[in-house]
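Participant: Input structure: structure.pdb, which contains PDB, C-alpha atoms.
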ATOM      1  CA  MET N   1      17.892 -23.290  -1.736
ATOM      2  CA  ARG N   2      18.677 -20.179   0.280
ATOM      3  CA  ASP N   3      16.521 -19.226   3.237
ATOM      4  CA  HIS N   4      14.032 -16.440   2.605
ATOM      5  CA  ILE N   5      12.919 -13.883   5.192
ATOM      6  CA  SER N   6       9.574 -12.104   5.000
ATOM      7  CA  VAL N   7       9.988  -8.835   6.901
ATOM      8  CA  CYS N   8       6.596  -7.828   8.325
ATOM      9  CA  ILE N   9       5.666  -4.227   9.094
ATOM     10  CA  CYS N  10       2.329  -3.023  10.462
ATOM     11  CA  THR N  11       1.742   0.683   9.981
ATOM     12  CA  TYR N  12      -0.777   3.333  10.936
ATOM     13  CA  HIS N  13      -0.407   6.983   9.896
ATOM     14  CA  ARG N  14       3.396   7.021  10.071
ATOM     15  CA  ASN N  15       4.129   7.423   6.383
ATOM     16  CA  ALA N  16       7.381   9.355   6.778
ATOM     17  CA  MET N  17       8.749   6.892   9.328
ATOM     18  CA  LEU N  18       7.638   3.950   7.184
ATOM     19  CA  ALA N  19       9.446   5.420   4.176
ATOM     20  CA  LYS N  20      12.614   5.817   6.251
ATOM     21  CA  LEU N  21      12.373   2.189   7.357
ATOM     22  CA  LEU N  22      11.808   0.819   3.855
ATOM     23  CA  ARG N  23      14.794   2.720   2.487
ATOM     24  CA  HIS N  24      16.998   1.255   5.210
ATOM     25  CA  LEU N  25      15.713  -2.233   4.449
ATOM     26  CA  ALA N  26      16.778  -1.779   0.836
ATOM     27  CA  PHE N  27      20.416  -1.795   2.001
ATOM     28  CA  GLN N  28      20.318  -4.968   4.078
ATOM     29  CA  GLU N  29      23.394  -7.186   3.740
ATOM     30  CA  THR N  30      22.771 -10.868   3.032
ATOM     31  CA  ARG N  31      26.286 -12.229   2.289
ATOM     32  CA  GLY N  32      24.563 -14.381  -0.307
ATOM     33  CA  LEU N  33      23.142 -16.589   2.460
ATOM     34  CA  LEU N  34      19.522 -15.497   2.216
ATOM     35  CA  THR N  35      16.944 -13.494   0.317
ATOM     36  CA  PHE N  36      14.219 -11.300   1.744
ATOM     37  CA  SER N  37      11.031  -9.483   0.852
ATOM     38  CA  VAL N  38       8.791  -7.048   2.719
ATOM     39  CA  VAL N  39       5.159  -7.232   3.832
ATOM     40  CA  VAL N  40       3.412  -3.978   4.779
ATOM     41  CA  VAL N  41      -0.035  -4.066   6.366
ATOM     42  CA  ASP N  42      -1.736  -0.696   6.656
ATOM     43  CA  ASN N  43      -4.167  -0.575   9.585
ATOM     44  CA  ASP N  44      -6.333   2.086   7.933
ATOM     45  CA  SER N  45      -8.946   1.044   5.363
ATOM     46  CA  SER N  46      -8.294   4.214   3.314
ATOM     47  CA  ALA N  47      -4.777   2.902   2.535
ATOM     48  CA  PRO N  48      -2.905   6.167   3.258
ATOM     49  CA  ALA N  49       0.549   4.587   2.863
ATOM     50  CA  ARG N  50      -0.071   2.969  -0.531
ATOM     51  CA  ALA N  51       1.368   5.794  -2.647
ATOM     52  CA  ASP N  52       4.540   5.992  -0.526
ATOM     53  CA  VAL N  53       5.046   2.235  -0.661
ATOM     54  CA  ASP N  54       4.539   2.170  -4.440
ATOM     55  CA  ARG N  55       7.060   4.986  -4.883
ATOM     56  CA  ILE N  56       9.704   3.324  -2.699
ATOM     57  CA  ARG N  57       9.167  -0.017  -4.421
ATOM     58  CA  LEU N  58      10.088   1.645  -7.728
ATOM     59  CA  GLU N  59      12.874   3.690  -6.167
ATOM     60  CA  THR N  60      14.653   0.826  -4.370
ATOM     61  CA  GLY N  61      13.627  -2.344  -6.184
ATOM     62  CA  LEU N  62      12.429  -3.885  -2.940
ATOM     63  CA  GLU N  63       9.892  -6.690  -3.261
ATOM     64  CA  ILE N  64       7.033  -5.266  -1.186
ATOM     65  CA  THR N  65       3.555  -6.697  -0.667
ATOM     66  CA  TYR N  66       1.104  -4.043   0.537
ATOM     67  CA  GLU N  67      -2.373  -4.752   1.898
ATOM     68  CA  VAL N  68      -4.906  -3.129   4.210
ATOM     69  CA  GLU N  69      -6.330  -4.500   7.471
ATOM     70  CA  PRO N  70      -9.633  -2.705   8.206
ATOM     71  CA  ILE N  71      -9.946  -3.936  11.822
ATOM     72  CA  ARG N  72      -8.009  -1.237  13.642
ATOM     73  CA  THR N  73      -6.082  -3.209  16.238
ATOM     74  CA  ILE N  74      -2.442  -4.231  16.403
ATOM     75  CA  PRO N  75      -2.982  -8.028  16.601
ATOM     76  CA  ALA N  76      -5.408  -7.987  13.648
ATOM     77  CA  ALA N  77      -2.779  -6.233  11.531
ATOM     78  CA  ARG N  78      -0.071  -8.630  12.696
ATOM     79  CA  ASN N  79      -2.176 -11.673  11.850
ATOM     80  CA  HIS N  80      -2.927 -10.219   8.422
ATOM     81  CA  ALA N  81       0.814  -9.862   7.823
ATOM     82  CA  LEU N  82       1.368 -13.518   8.729
ATOM     83  CA  GLN N  83      -1.086 -14.494   5.980
ATOM     84  CA  LEU N  84       1.148 -12.797   3.395
ATOM     85  CA  ILE N  85       4.561 -14.221   4.271
ATOM     86  CA  LYS N  86       6.530 -16.127   1.641
ATOM     87  CA  GLY N  87       9.673 -17.090   3.489
ATOM     88  CA  ASN N  88      10.689 -19.807   5.909
ATOM     89  CA  PHE N  89      11.780 -17.048   8.296
ATOM     90  CA  ILE N  90       9.718 -14.102   9.568
ATOM     91  CA  GLY N  91      11.258 -10.793  10.520
ATOM     92  CA  ILE N  92       9.182  -8.224  12.391
ATOM     93  CA  ILE N  93      10.011  -4.562  12.937
ATOM     94  CA  ASP N  94       7.873  -1.554  13.914
ATOM     95  CA  ASP N  95       7.071   1.245  11.486
ATOM     96  CA  ASP N  96       8.740   3.865  13.717
ATOM     97  CA  GLU N  97      12.086   2.048  13.701
ATOM     98  CA  PHE N  98      14.963   1.595  11.267
ATOM     99  CA  PRO N  99      17.798  -0.962  11.171
ATOM    100  CA  PRO N 100      21.511  -0.871  10.329
ATOM    101  CA  PRO N 101      22.617  -2.744   7.183
ATOM    102  CA  ASN N 102      23.637  -5.908   9.069
ATOM    103  CA  TRP N 103      20.373  -6.253  11.012
ATOM    104  CA  LEU N 104      18.811  -9.255   9.290
ATOM    105  CA  ILE N 105      22.007 -11.216   8.762
ATOM    106  CA  THR N 106      23.014 -10.772  12.419
ATOM    107  CA  LEU N 107      19.657 -12.081  13.672
ATOM    108  CA  TYR N 108      19.903 -14.925  11.157
ATOM    109  CA  ASP N 109      23.394 -15.844  12.396
ATOM    110  CA  ALA N 110      22.160 -15.878  16.000
ATOM    111  CA  VAL N 111      19.305 -18.280  15.196
ATOM    112  CA  ARG N 112      21.667 -20.667  13.421
ATOM    113  CA  THR N 113      24.537 -20.358  15.909
ATOM    114  CA  PHE N 114      22.401 -21.151  18.968
ATOM    115  CA  ASP N 115      20.094 -23.583  17.112
ATOM    116  CA  VAL N 116      16.944 -21.845  18.364
ATOM    117  CA  ASP N 117      13.591 -20.832  16.907
ATOM    118  CA  GLY N 118      14.139 -17.101  16.935
ATOM    119  CA  ALA N 119      16.309 -14.182  18.006
ATOM    120  CA  LEU N 120      15.377 -10.769  19.378
ATOM    121  CA  GLY N 121      17.595  -7.710  19.155
ATOM    122  CA  PRO N 122      17.622  -4.576  21.312
ATOM    123  CA  VAL N 123      15.792  -1.341  20.523
ATOM    124  CA  TYR N 124      17.696   1.901  21.059
ATOM    125  CA  PRO N 125      16.133   5.383  21.093
ATOM    126  CA  PHE N 126      16.851   7.767  18.235
ATOM    127  CA  PHE N 127      16.177  11.483  18.607
ATOM    128  CA  GLU N 128      16.138  13.632  15.475
ATOM    129  CA  GLU N 129      16.141  16.706  17.725
ATOM    130  CA  ARG N 130      17.793  17.277  21.086
ATOM    131  CA  PRO N 131      15.410  15.957  23.774
ATOM    132  CA  PRO N 132      14.947  17.488  27.235
ATOM    133  CA  ASP N 133      17.779  16.738  29.664
ATOM    134  CA  TRP N 134      15.438  14.954  32.083
ATOM    135  CA  LEU N 135      14.498  12.470  29.381
ATOM    136  CA  VAL N 136      18.114  11.516  28.748
ATOM    137  CA  LYS N 137      19.119  11.449  32.423
ATOM    138  CA  GLY N 138      16.179   9.262  33.362
ATOM    139  CA  GLY N 139      16.966   6.629  30.735
ATOM    140  CA  ILE N 140      13.223   6.088  30.448
ATOM    141  CA  TYR N 141      13.469   4.776  26.908
ATOM    142  CA  GLU N 142      16.285   2.346  27.631
ATOM    143  CA  TRP N 143      15.677  -1.411  27.378
ATOM    144  CA  PRO N 144      17.614  -3.855  29.588
ATOM    145  CA  ARG N 145      20.673  -5.108  27.718
ATOM    146  CA  LEU N 146      20.979  -8.873  27.388
ATOM    147  CA  ARG N 147      24.058 -10.756  26.237
ATOM    148  CA  THR N 148      23.825 -12.581  22.936
ATOM    149  CA  GLY N 149      22.645 -16.135  23.452
ATOM    150  CA  THR N 150      20.639 -15.382  26.599
ATOM    151  CA  LEU N 151      17.580 -17.637  26.584
ATOM    152  CA  LEU N 152      14.550 -15.391  26.904
ATOM    153  CA  HIS N 153      11.548 -15.596  29.199
ATOM    154  CA  TRP N 154       8.285 -14.555  27.548
ATOM    155  CA  GLN N 155       8.207 -11.362  29.615
ATOM    156  CA  GLN N 156      11.456 -10.303  27.902
ATOM    157  CA  THR N 157       9.983 -10.620  24.411
ATOM    158  CA  ARG N 158       8.318  -8.267  21.934
ATOM    159  CA  THR N 159       7.936  -7.949  18.172
ATOM    160  CA  SER N 160       9.735  -4.657  17.630
ATOM    161  CA  ASN N 161      12.956  -6.426  16.556
ATOM    162  CA  VAL N 162      12.722 -10.146  15.954
ATOM    163  CA  LEU N 163      13.458 -12.962  13.529
ATOM    164  CA  ILE N 164      11.637 -16.281  13.966
ATOM    165  CA  LYS N 165      11.355 -19.482  11.990
ATOM    166  CA  ARG N 166       8.096 -19.899  10.144
ATOM    167  CA  ASP N 167       7.704 -23.244  11.891
ATOM    168  CA  VAL N 168       6.815 -21.314  15.064
ATOM    169  CA  ILE N 169       3.474 -20.278  13.571
ATOM    170  CA  ASP N 170       2.900 -23.245  11.268
ATOM    171  CA  ARG N 171       3.358 -26.216  13.571
ATOM    172  CA  HIS N 172       0.671 -25.293  16.092
ATOM    173  CA  GLY N 173      -1.194 -22.508  14.293
ATOM    174  CA  ILE N 174      -0.035 -19.827  16.735
ATOM    175  CA  ARG N 175      -1.397 -16.361  16.022
ATOM    176  CA  PHE N 176      -1.601 -13.041  17.832
ATOM    177  CA  ASP N 177      -4.445 -12.924  20.339
ATOM    178  CA  GLU N 178      -6.883 -10.308  19.027
ATOM    179  CA  SER N 179      -8.390  -9.719  22.452
ATOM    180  CA  PHE N 180      -5.253  -7.675  23.262
ATOM    181  CA  LYS N 181      -6.520  -4.687  21.318
ATOM    182  CA  THR N 182      -4.220  -1.961  22.672
ATOM    183  CA  GLY N 183      -1.033  -3.985  23.027
ATOM    184  CA  GLY N 184       0.449  -7.033  24.674
ATOM    185  CA  SER N 185      -0.402  -9.509  21.931
ATOM    186  CA  ASP N 186       3.307  -9.909  21.165
ATOM    187  CA  LYS N 187       4.172 -11.105  24.663
ATOM    188  CA  ALA N 188       1.093 -13.360  24.661
ATOM    189  CA  PHE N 189       2.285 -14.800  21.335
ATOM    190  CA  PHE N 190       5.737 -15.603  22.698
ATOM    191  CA  LYS N 191       4.341 -16.994  25.933
ATOM    192  CA  GLN N 192       2.253 -19.455  23.950
ATOM    193  CA  ALA N 193       5.222 -20.384  21.773
ATOM    194  CA  ILE N 194       7.588 -20.863  24.732
ATOM    195  CA  ASP N 195       4.996 -22.947  26.580
ATOM    196  CA  LEU N 196       4.944 -25.193  23.494
ATOM    197  CA  GLY N 197       8.714 -25.661  23.668
ATOM    198  CA  PHE N 198      10.036 -23.064  21.214
ATOM    199  CA  ARG N 199      13.191 -21.223  22.262
ATOM    200  CA  PHE N 200      14.296 -17.648  21.631
ATOM    201  CA  VAL N 201      17.558 -15.879  22.414
ATOM    202  CA  ALA N 202      18.850 -12.339  22.652
ATOM    203  CA  ALA N 203      21.052 -10.972  19.864
ATOM    204  CA  GLU N 204      22.765  -7.897  21.305
ATOM    205  CA  GLU N 205      24.631  -7.121  18.071
ATOM    206  CA  ALA N 206      21.396  -6.739  16.057
ATOM    207  CA  PRO N 207      19.880  -3.456  17.258
ATOM    208  CA  VAL N 208      17.255  -1.308  15.623
ATOM    209  CA  TYR N 209      16.616   2.358  16.353
ATOM    210  CA  GLU N 210      13.234   3.712  17.417
ATOM    211  CA  VAL N 211      12.444   7.280  16.417
ATOM    212  CA  PHE N 212      11.158   9.391  19.309
ATOM    213  CA  PRO N 213       9.578  12.622  18.053
ATOM    214  CA  PRO N 214       8.813  15.550  20.407
ATOM    215  CA  GLU N 215       5.208  14.439  20.970
ATOM    216  CA  ARG N 216       6.599  11.519  22.993
ATOM    217  CA  TRP N 217       8.586  13.792  25.298
ATOM    218  CA  THR N 218       5.688  14.509  27.660
ATOM    219  CA  LYS N 219       4.562  13.131  30.989
ATOM    220  CA  ARG N 220       1.138  12.493  29.473
ATOM    221  CA  TYR N 221       2.697  10.096  26.972
ATOM    222  CA  PHE N 222       4.247   7.980  29.728
ATOM    223  CA  ILE N 223       1.032   7.980  31.741
ATOM    224  CA  ARG N 224      -0.936   6.700  28.738
ATOM    225  CA  ARG N 225       1.684   3.994  28.185
ATOM    226  CA  ALA N 226       1.495   2.907  31.827
ATOM    227  CA  LEU N 227      -2.314   2.728  31.757
ATOM    228  CA  VAL N 228      -2.269   0.484  28.688
ATOM    229  CA  ASN N 229       0.481  -1.763  30.066
ATOM    230  CA  GLY N 230      -1.194  -2.178  33.447
ATOM    231  CA  TYR N 231      -4.473  -3.276  31.878
ATOM    232  CA  ASN N 232      -2.730  -5.742  29.584
ATOM    233  CA  ALA N 233      -0.700  -7.169  32.470
ATOM    234  CA  ARG N 234      -3.978  -8.061  34.140
ATOM    235  CA  LYS N 235      -5.095  -9.749  30.913
ATOM    236  CA  TYR N 236      -1.991 -11.950  30.941
ATOM    237  CA  LEU N 237      -2.943 -13.123  34.428
ATOM    238  CA  ALA N 238      -6.540 -13.748  33.393
ATOM    239  CA  LYS N 239      -5.378 -15.844  30.433
ATOM    240  CA  GLU N 240      -3.227 -17.983  32.738
ATOM    241  CA  GLY N 241      -6.212 -18.740  34.958
ATOM    242  CA  ASN N 242      -4.032 -18.919  38.070
ATOM    243  CA  GLY N 243      -6.226 -17.604  40.901
ATOM    244  CA  ARG N 244      -3.452 -17.533  43.483
ATOM    245  CA  LYS N 245      -1.131 -15.588  41.192
ATOM    246  CA  SER N 246      -3.914 -13.115  40.376
ATOM    247  CA  SER N 247      -4.685 -12.585  44.057
ATOM    248  CA  ILE N 248      -1.038 -11.873  44.823
ATOM    249  CA  ALA N 249      -0.848  -9.372  41.942
ATOM    250  CA  PHE N 250      -4.004  -7.622  43.153
ATOM    251  CA  LEU N 251      -2.693  -7.328  46.713
ATOM    252  CA  ARG N 252       0.695  -6.107  45.558
ATOM    253  CA  SER N 253      -0.864  -3.343  43.449
ATOM    254  CA  ALA N 254      -3.248  -2.397  46.265
ATOM    255  CA  ILE N 255      -0.347  -2.106  48.691
ATOM    256  CA  VAL N 256       2.157  -0.261  46.499
ATOM    257  CA  LEU N 257      -0.239   2.213  44.870
ATOM    258  CA  PRO N 258      -0.518   4.379  48.026
ATOM    259  CA  VAL N 259       3.287   4.344  48.235
ATOM    260  CA  PHE N 260       3.521   5.752  44.714
ATOM    261  CA  ILE N 261       0.936   8.416  45.532
ATOM    262  CA  LEU N 262       2.655   9.492  48.753
ATOM    263  CA  GLY N 263       6.116   9.440  47.192
ATOM    264  CA  SER N 264       5.256  11.602  44.189
ATOM    265  CA  PRO N 265       5.895  15.001  45.858
ATOM    266  CA  ILE N 266       9.352  13.849  46.956
ATOM    267  CA  CYS N 267      10.177  12.604  43.449
ATOM    268  CA  ALA N 268       9.015  15.925  42.013
ATOM    269  CA  LEU N 269      11.560  17.686  44.212
ATOM    270  CA  VAL N 270      14.345  15.399  42.998
ATOM    271  CA  GLY N 271      13.599  16.058  39.322
ATOM    272  CA  SER N 272      11.455  15.130  36.340
ATOM    273  CA  GLN N 273      13.689  12.185  35.420
ATOM    274  CA  VAL N 274      12.726  10.511  38.737
ATOM    275  CA  LEU N 275       9.129  11.720  38.832
ATOM    276  CA  VAL N 276       8.183  10.317  35.421
ATOM    277  CA  LYS N 277       9.482   6.847  36.236
ATOM    278  CA  TRP N 278       7.656   6.984  39.570
ATOM    279  CA  MET N 279       4.442   8.112  37.883
ATOM    280  CA  GLU N 280       4.699   5.291  35.355
ATOM    281  CA  GLY N 281       4.815   2.768  38.177
ATOM    282  CA  GLY N 282       1.888   4.371  39.978
ATOM    283  CA  PHE N 283      -0.394   4.560  36.961
ATOM    284  CA  TYR N 284       0.571   1.010  35.975
ATOM    285  CA  HIS N 285      -0.666  -0.327  39.314
ATOM    286  CA  LEU N 286      -3.738   1.937  39.221
ATOM    287  CA  SER N 287      -4.624   0.520  35.804
ATOM    288  CA  MET N 288      -4.078  -3.040  36.957
ATOM    289  CA  LEU N 289      -6.352  -2.547  39.980
ATOM    290  CA  ALA N 290      -9.036  -1.039  37.755
ATOM    291  CA  ALA N 291      -8.684  -3.989  35.376
ATOM    292  CA  PHE N 292      -9.383  -6.390  38.237
ATOM    293  CA  LEU N 293     -12.671  -4.525  38.643
ATOM    294  CA  GLY N 294     -13.424  -4.811  34.930
ATOM    295  CA  ILE N 295     -12.547  -1.193  34.136
ATOM    296  CA  GLU N 296     -10.237  -0.257  31.233
ATOM    297  CA  LEU N 297      -8.863   3.205  31.966
ATOM    298  CA  ARG N 298      -7.263   3.667  28.555
ATOM    299  CA  LYS N 299      -9.128   2.090  25.631
ATOM    300  CA  LYS N 300      -6.955   3.480  22.839
ATOM    301  CA  ARG N 301      -3.240   2.956  22.535
ATOM    302  CA  GLY N 302      -2.280   6.462  21.413
ATOM    303  CA  PHE N 303       1.486   5.841  21.479
TER     304      PHE N 303
END
Would you kindly transcribe this structure into structure tokens?
Facilitator:
Amino acid sequence: MRDHISVCICTYHRNAMLAKLLRHLAFQETRGLLTFSVVVVDNDSSAPARADVDRIRLETGLEITYEVEPIRTIPAARNHALQLIKGNFIGIIDDDEFPPPNWLITLYDAVRTFDVDGALGPVYPFFEERPPDWLVKGGIYEWPRLRTGTLLHWQQTRTSNVLIKRDVIDRHGIRFDESFKTGGSDKAFFKQAIDLGFRFVAAEEAPVYEVFPPERWTKRYFIRRALVNGYNARKYLAKEGNGRKSSIAFLRSAIVLPVFILGSPICALVGSQVLVKWMEGGFYHLSMLAAFLGIELRKKRGF
């Protein structure tokens, strides 16, 4: 029997982007080695994407399962998707991304070639309009590039472009931690899996493209992202229960935050491409310090 991949997509009010993604999935190459179907979980109880999904199902012939997750958090939607999978492999991609035709088969080849439990591809930015020069020069959206076959640490993982064996979730009942409401449940998931002995590699030749509309071209967007990430970084430490490591992280943030504050005027003189990166670092450490005090500075993801 051929392997079957269930491609999981969680969506929330991105109907046009979701439609673009589903149409690209319809053209995935399989070389006759595998079959695949799609799972869409809408994180809005009013099911706003249902009509679009139904239309694309008829238009493309894709096998799509569509359900609603009323608890409006990312991990709740991800866990709902895992309940609907049919295959012995699980693909995960974000609703604001789209893949090339060889995406799934390239990830599949990487898993088999390196005899691992999953493979993660890179995410490249895609601009439908010309972005500001400072955004391009700063490379703010760029992910570190990792050679194919590189064994990944949990901090290098995410679920925006991944293929894993179903055994990863079945053997030990691993699920996404629903206490990470605004983000970070993907890294927590992979940390748990890696601690249990599962292995994941990079697959550089299996990229997907993330759409960046103009509303993400603002300094406010990057500040919100930094506030969420800083809070969730503190949660990772709390989950580990390592007091010494937490103390070191607290001291580091307390020491470097004034540096970020004092250095901001200089970065502003250099240019926006430097200032935004600097601001991201500063607000990340500010958020982490607040989290140590039990304060969540940004309670909604908003990006």
Participant: Of the candidates N:Leu196, N:Lys277, N:Ile5, N:Tyr231, which shows the shortest atom-to-atom distance to N:Glu142, using all atoms listed in the file?
Facilitator: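 Residue with the minimum atom-to-atom distance to N:Glu142: N:Lys277.
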Participant: Let me make sure I understand: among N:Ala290, N:Leu58, N:Val168, N:Leu135, which one has the smallest atom-to-atom distance to N:Ala26 if we use all atoms listed in the file?
Facilitator: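 Of N:Ala290, N:Leu58, N:Val168, N:Leu135, the one nearest N:Ala26 is N:Leu58, counting all atoms listed in the file.
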Participant: So, counting only C-alpha atoms, which residue among N:Gln28, N:Asn43, N:Thr60, N:Thr73 is closest to N:Thr106?
Facilitator: N:Gln28
Participant: Skip N:Thr35 itself and residues of its chain fewer than 6 positions away, then list as a PyMOL selection string all residues within 10 Å of it, counting only C-alpha atoms.
Facilitator: chain N and resi 2-6+28-29+87
Participant: Taking C-alpha atoms for each residue, export the selection above as a PDB file, in the coordinates of the input.
Facilitator:
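So the final result, stored in selection_13.pdb, reads:
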ATOM      1  CA  ARG N   2      18.677 -20.179   0.280  1.00  0.00           C
ATOM      2  CA  ASP N   3      16.521 -19.226   3.237  1.00  0.00           C
ATOM      3  CA  HIS N   4      14.032 -16.440   2.605  1.00  0.00           C
ATOM      4  CA  ILE N   5      12.919 -13.883   5.192  1.00  0.00           C
ATOM      5  CA  SER N   6       9.574 -12.104   5.000  1.00  0.00           C
ATOM      6  CA  GLN N  28      20.318  -4.968   4.078  1.00  0.00           C
ATOM      7  CA  GLU N  29      23.394  -7.186   3.740  1.00  0.00           C
ATOM      8  CA  GLY N  87       9.673 -17.090   3.489  1.00  0.00           C
TER       9      GLY N  87
END
Participant: For N:Val259, which residue out of N:Ile164, N:Ala233, N:Lys191, N:Gly281 is the nearest one, using all atoms listed in the file?
Facilitator: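 Going through N:Ile164, N:Ala233, N:Lys191, N:Gly281 one by one, the smallest distance to N:Val259 is for N:Gly281.
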Participant: Counting only C-alpha atoms, figure out which residue out of N:Leu120, N:Leu297, N:Leu62, N:Ala47 gets nearest to N:Ala226.
Facilitator: N:Leu297
Participant: Nearest to N:Val270 among N:Phe212, N:Trp134, N:Phe127, N:Trp143, with distances taken over all atoms listed in the file: which residue is it?
Facilitator: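 Answer, going by the shortest atom-to-atom distance: N:Trp134.
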Participant: For a cutoff of 10 Å around the file-coordinate point (12.6, 16.2, 25.3), which residues qualify once you count all atoms listed in the file? I'd like the result as a PyMOL selection string.
Facilitator: chain N and resi 127+129-136+212-218
Participant: Enter the distance from atom CA of N:Ala254 to atom CA of N:Arg298, in Å, rounded to one decimal.
Facilitator: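 Interatomic distance here is 19.1 Å.
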